[in-house]
Amino acid sequence: MYLVELLQQLMISFILNDRLVTTNVNPGMSLLDFIRYEAGLPGTKIGCREGDCGACTVLIGEKLSERVNYRSVTSCLYPLINAHGNHVVTIEGINLSNSLSPVQQAMADHAATQCGFCTPGFVMSFTGLCMNHETPTIQQAIDAVAGNICRCTGYKSIERAANDIALLMQEKDVTDPIGWLVGKGYLPAYFIDIPDKLDKIEPYSDESENHTLFIAGGTDLMVQQPDNIYEQEINSAFHGKLPQEITINDCTCTIGGATRVNELLTSTELTSKFPQLRQYLMLVSSEPVRNMATIAGNIVNASPIGDLSVILLALNAQITSIYKGKTRLQPLNELFKGYKQLNLEAGEVIQYITFEIPKNNTLFNFEKVSKRKYLDIASVNTAMSIEMQNNTIKKCSISAGGVAPIPLYLHKTSDFLKGKELNAETVSQAVEIMQSEISPISDIRGSAEYKRLLLRQLFFGHLQKLLGKEFELFLNLTR
Ligand SMILES: Cc1cc2nc3c(=O)[nH]c(=O)nc-3n(C[C@H](O)[C@H](O)[C@H](O)COP(=O)(O)OP(=O)(O)OC[C@H]3O[C@@H](n4cnc5c(N)ncnc54)[C@H](O)[C@@H]3O)c2cc1C
Ligand code: FES
Ligand code: FES
């Protein structure tokens, strides 16, 4: 192959607002830096650069079959390589030539902007909500901006704008939201031609065998090692490299490694069979971060407080990985060896995560304590799966985060409880074993003693939630 052809294939092409962009800048550059410093569009703001403030929110439109689905992302954590083949929309890209869009108007009507620094981010998050294929409730409109922080307004005026936007959206044509939004002056007319323009972009092709860094959503890597990414030859989980689908056969759920957290949350098949999962996943980061973060990234970043790792450990998940063309299957509870050390070879990639969805007689619960309920990582989190036969524990799996250098499967406690009659004596012995299995440290999220106490209380919380009133008797005895 000629060098020119090779270079063209490694170019990143996407549509930025209404124009095609083709670039050979570093594929690990953040989309935010590209937008501001390469494309010269200053409307997208820089706040924290860590996914926390939402000032840099933009929309990514991805063509799936015939339609383009839009989602909000924090562009500070979005690696440019992932933009290839997509439509990137910044605040400049939704401006109409001579009027405010109804979303911008709602913000203005309620004085939901003061210094204005956060406003482009809020407008983009609300506009992303309008572009999806559902009519939102007021709560969903408020949730859409859960990743946006404002230091001026106190949020009440923004909530009133959210209220207006949710009401306006009740009229939306959910079969053709983009056509409807263009017709009603929410979006400029060029949006209609975007699907055809996206079709003309060649798939990203990178057959290099010299990759030194694997990146998925980037929400961990772009925070932890933004400079290092520039030095590496990066390989992205997307562009067909890794499966991104959710398959359910009977009660066995198989999730592709590149599946994003919000794809789990919005999967009607998965959440209809495992309804609690939705409320647990709402506790993970914020809408734009969930729109980027993948399930395998959450496992492999090996954070001792990773929410998905803790949930999947108690579900006894298995992971399928591939290395040098060979696949292998291992239980997730054998993956974590030490702080940020995994039972994976360098370059080994997780393809699938598989688990049994809890059936009628298996009870499952997840608890998380953090300083703020939303957009915060846990001080301690824990999950429990339990199957009872009358008053005897038939099966039990408990996991906990924040109490050891790794997301911990509580082997000894889980094994002890199997086959035991549930009574005060059993519970108090289990608490003792649990305390011997953990080794929390004091840090910014709480003292070691506090974390020990939290885990004990959350264990009681599991039993109380799963087994109901009859458990309260035992709880009183073990206090
Ligand atoms: C603002 C913010 C809030 C957050 N809140 C939470 C929270 O509440 N709860 C929580 O659990 N997490 C939270 N996180 C962490 C985030 O959810 C995880 O970092 C995310 O799931 C990582 O996925 P990713 O695809 O972005 O990983 P990346 O950053 O792309 O990668 C992380 C690591 O995983 C490796 N990797 C990725 N995919 C694979 C694969 N398939 N096979 C092998 N290795 C792979 C990469 O090489 C890298 O080492 C938060 C992060 C941010 C920025
Ligand atoms: S700059 Fe704060 S979320 Fe991106
Ligand atoms: S209006 Fe100033 S930060 Fe929100």
# chains A, B, ... in the order shown; residues from 1 in each chain; ligands from 1

call {"tool": "residues_near_ligand", "arguments": {"ligand": "ligand 1", "cutoff": "8 Å", "atoms": "only C-alpha atoms and all ligand atoms", "output": "PyMOL selection string"}}
result
chain A and resi 50-52+77+213-223+237+242+257-258+260-261+283-286+289-290+292-303+305-309+321+347-351+374-378

call {"tool": "select_by_dssp", "arguments": {"residues": "range 258-392 of chain A", "states": "helix (DSSP H, G or I)", "output": "MDAnalysis selection string"}}
result
chainID A and resid 261:265 268:273 276:281 287:290 295:300 307:314 332:334

call {"tool": "write_last_selection", "arguments": {"atoms": "C-alpha atoms", "output": "PDB file, in the first residue's frame"}}
result
ATOM      1  CA  VAL A 261     -22.977   2.250  30.930  1.00  0.00           C
ATOM      2  CA  ASN A 262     -25.936   4.186  29.502  1.00  0.00           C
ATOM      3  CA  GLU A 263     -26.511   1.453  26.912  1.00  0.00           C
ATOM      4  CA  LEU A 264     -27.077  -0.939  29.841  1.00  0.00           C
ATOM      5  CA  LEU A 265     -29.329   1.571  31.554  1.00  0.00           C
ATOM      6  CA  THR A 268     -35.360  -2.300  27.742  1.00  0.00           C
ATOM      7  CA  GLU A 269     -34.687  -6.040  27.491  1.00  0.00           C
ATOM      8  CA  LEU A 270     -32.088  -6.000  30.272  1.00  0.00           C
ATOM      9  CA  THR A 271     -33.920  -3.615  32.590  1.00  0.00           C
ATOM     10  CA  SER A 272     -37.230  -5.443  32.153  1.00  0.00           C
ATOM     11  CA  LYS A 273     -35.586  -8.684  33.336  1.00  0.00           C
ATOM     12  CA  GLN A 276     -33.252  -2.800  39.949  1.00  0.00           C
ATOM     13  CA  LEU A 277     -30.228  -2.390  37.677  1.00  0.00           C
ATOM     14  CA  ARG A 278     -31.558   0.932  36.403  1.00  0.00           C
ATOM     15  CA  GLN A 279     -31.576   2.582  39.831  1.00  0.00           C
ATOM     16  CA  TYR A 280     -28.080   1.219  40.594  1.00  0.00           C
ATOM     17  CA  LEU A 281     -26.640   2.509  37.318  1.00  0.00           C
ATOM     18  CA  GLU A 287     -25.347  11.238  32.053  1.00  0.00           C
ATOM     19  CA  PRO A 288     -22.436  12.445  29.831  1.00  0.00           C
ATOM     20  CA  VAL A 289     -19.865  10.216  31.582  1.00  0.00           C
ATOM     21  CA  ARG A 290     -22.196   7.177  31.384  1.00  0.00           C
ATOM     22  CA  ILE A 295     -18.314  -1.812  31.227  1.00  0.00           C
ATOM     23  CA  ALA A 296     -14.858  -3.333  30.509  1.00  0.00           C
ATOM     24  CA  GLY A 297     -13.156   0.012  31.230  1.00  0.00           C
ATOM     25  CA  ASN A 298     -14.838   0.074  34.627  1.00  0.00           C
ATOM     26  CA  ILE A 299     -13.506  -3.410  35.391  1.00  0.00           C
ATOM     27  CA  VAL A 300      -9.975  -2.929  34.002  1.00  0.00           C
ATOM     28  CA  ASP A 307     -19.530   0.300  41.042  1.00  0.00           C
ATOM     29  CA  LEU A 308     -19.898  -2.060  38.087  1.00  0.00           C
ATOM     30  CA  SER A 309     -17.093  -4.312  39.330  1.00  0.00           C
ATOM     31  CA  VAL A 310     -18.802  -4.624  42.717  1.00  0.00           C
ATOM     32  CA  ILE A 311     -22.215  -5.357  41.151  1.00  0.00           C
ATOM     33  CA  LEU A 312     -20.737  -7.913  38.724  1.00  0.00           C
ATOM     34  CA  LEU A 313     -18.723  -9.673  41.465  1.00  0.00           C
ATOM     35  CA  ALA A 314     -21.876 -10.442  43.446  1.00  0.00           C
ATOM     36  CA  LEU A 332     -14.335 -11.998  37.587  1.00  0.00           C
ATOM     37  CA  ASN A 333     -13.512 -12.804  41.207  1.00  0.00           C
ATOM     38  CA  GLU A 334     -10.141 -14.176  40.064  1.00  0.00           C
TER      39      GLU A 334
END

call {"tool": "atom_distance", "arguments": {"atom1": "CA of Pro407 in chain A", "atom2": "CA of Lys451 in chain A"}}
result
14.0 Å

call {"tool": "residues_around", "arguments": {"residues": "Phe459 in chain A", "least_positions_apart": "2", "cutoff": "9 Å", "atoms": "only C-alpha atoms", "output": "ChimeraX atom specification"}}
result
/A:367,382-384,398,431,454-457,461-464

call {"tool": "residues_around", "arguments": {"residues": "Ile94 in chain A", "least_positions_apart": "2", "cutoff": "10 Å", "atoms": "only C-alpha atoms", "output": "PyMOL selection string"}}
result
chain A and resi 17-18+89-92+96-97+100-101+104+123-124+127+185-191

call {"tool": "residues_near_ligand", "arguments": {"ligand": "ligand 2", "cutoff": "7 Å", "atoms": "only C-alpha atoms and all ligand atoms", "output": "ChimeraX atom specification"}}
result
/A:45-57,74-77

call {"tool": "residues_near_ligand", "arguments": {"ligand": "ligand 3", "cutoff": "10 Å", "atoms": "only C-alpha atoms and all ligand atoms", "output": "list in words"}}
result
Gly47, Cys53, Ala55, Ala111, Ala112, Thr113, Gln114, Cys115, Gly116, Phe117, Cys118, Thr119, Pro120, Gly121, Phe122, Asn148, Ile149, Cys150, Arg151, Cys152, Thr153, Gly154, Tyr155 and Ile158 of chain A

call {"tool": "closest_residue", "arguments": {"among": "A:Ser385, A:Asn98, A:Ser447, A:Ser439", "to": "Pro304 in chain A", "atoms": "only C-alpha atoms"}}
result
A:Ser439
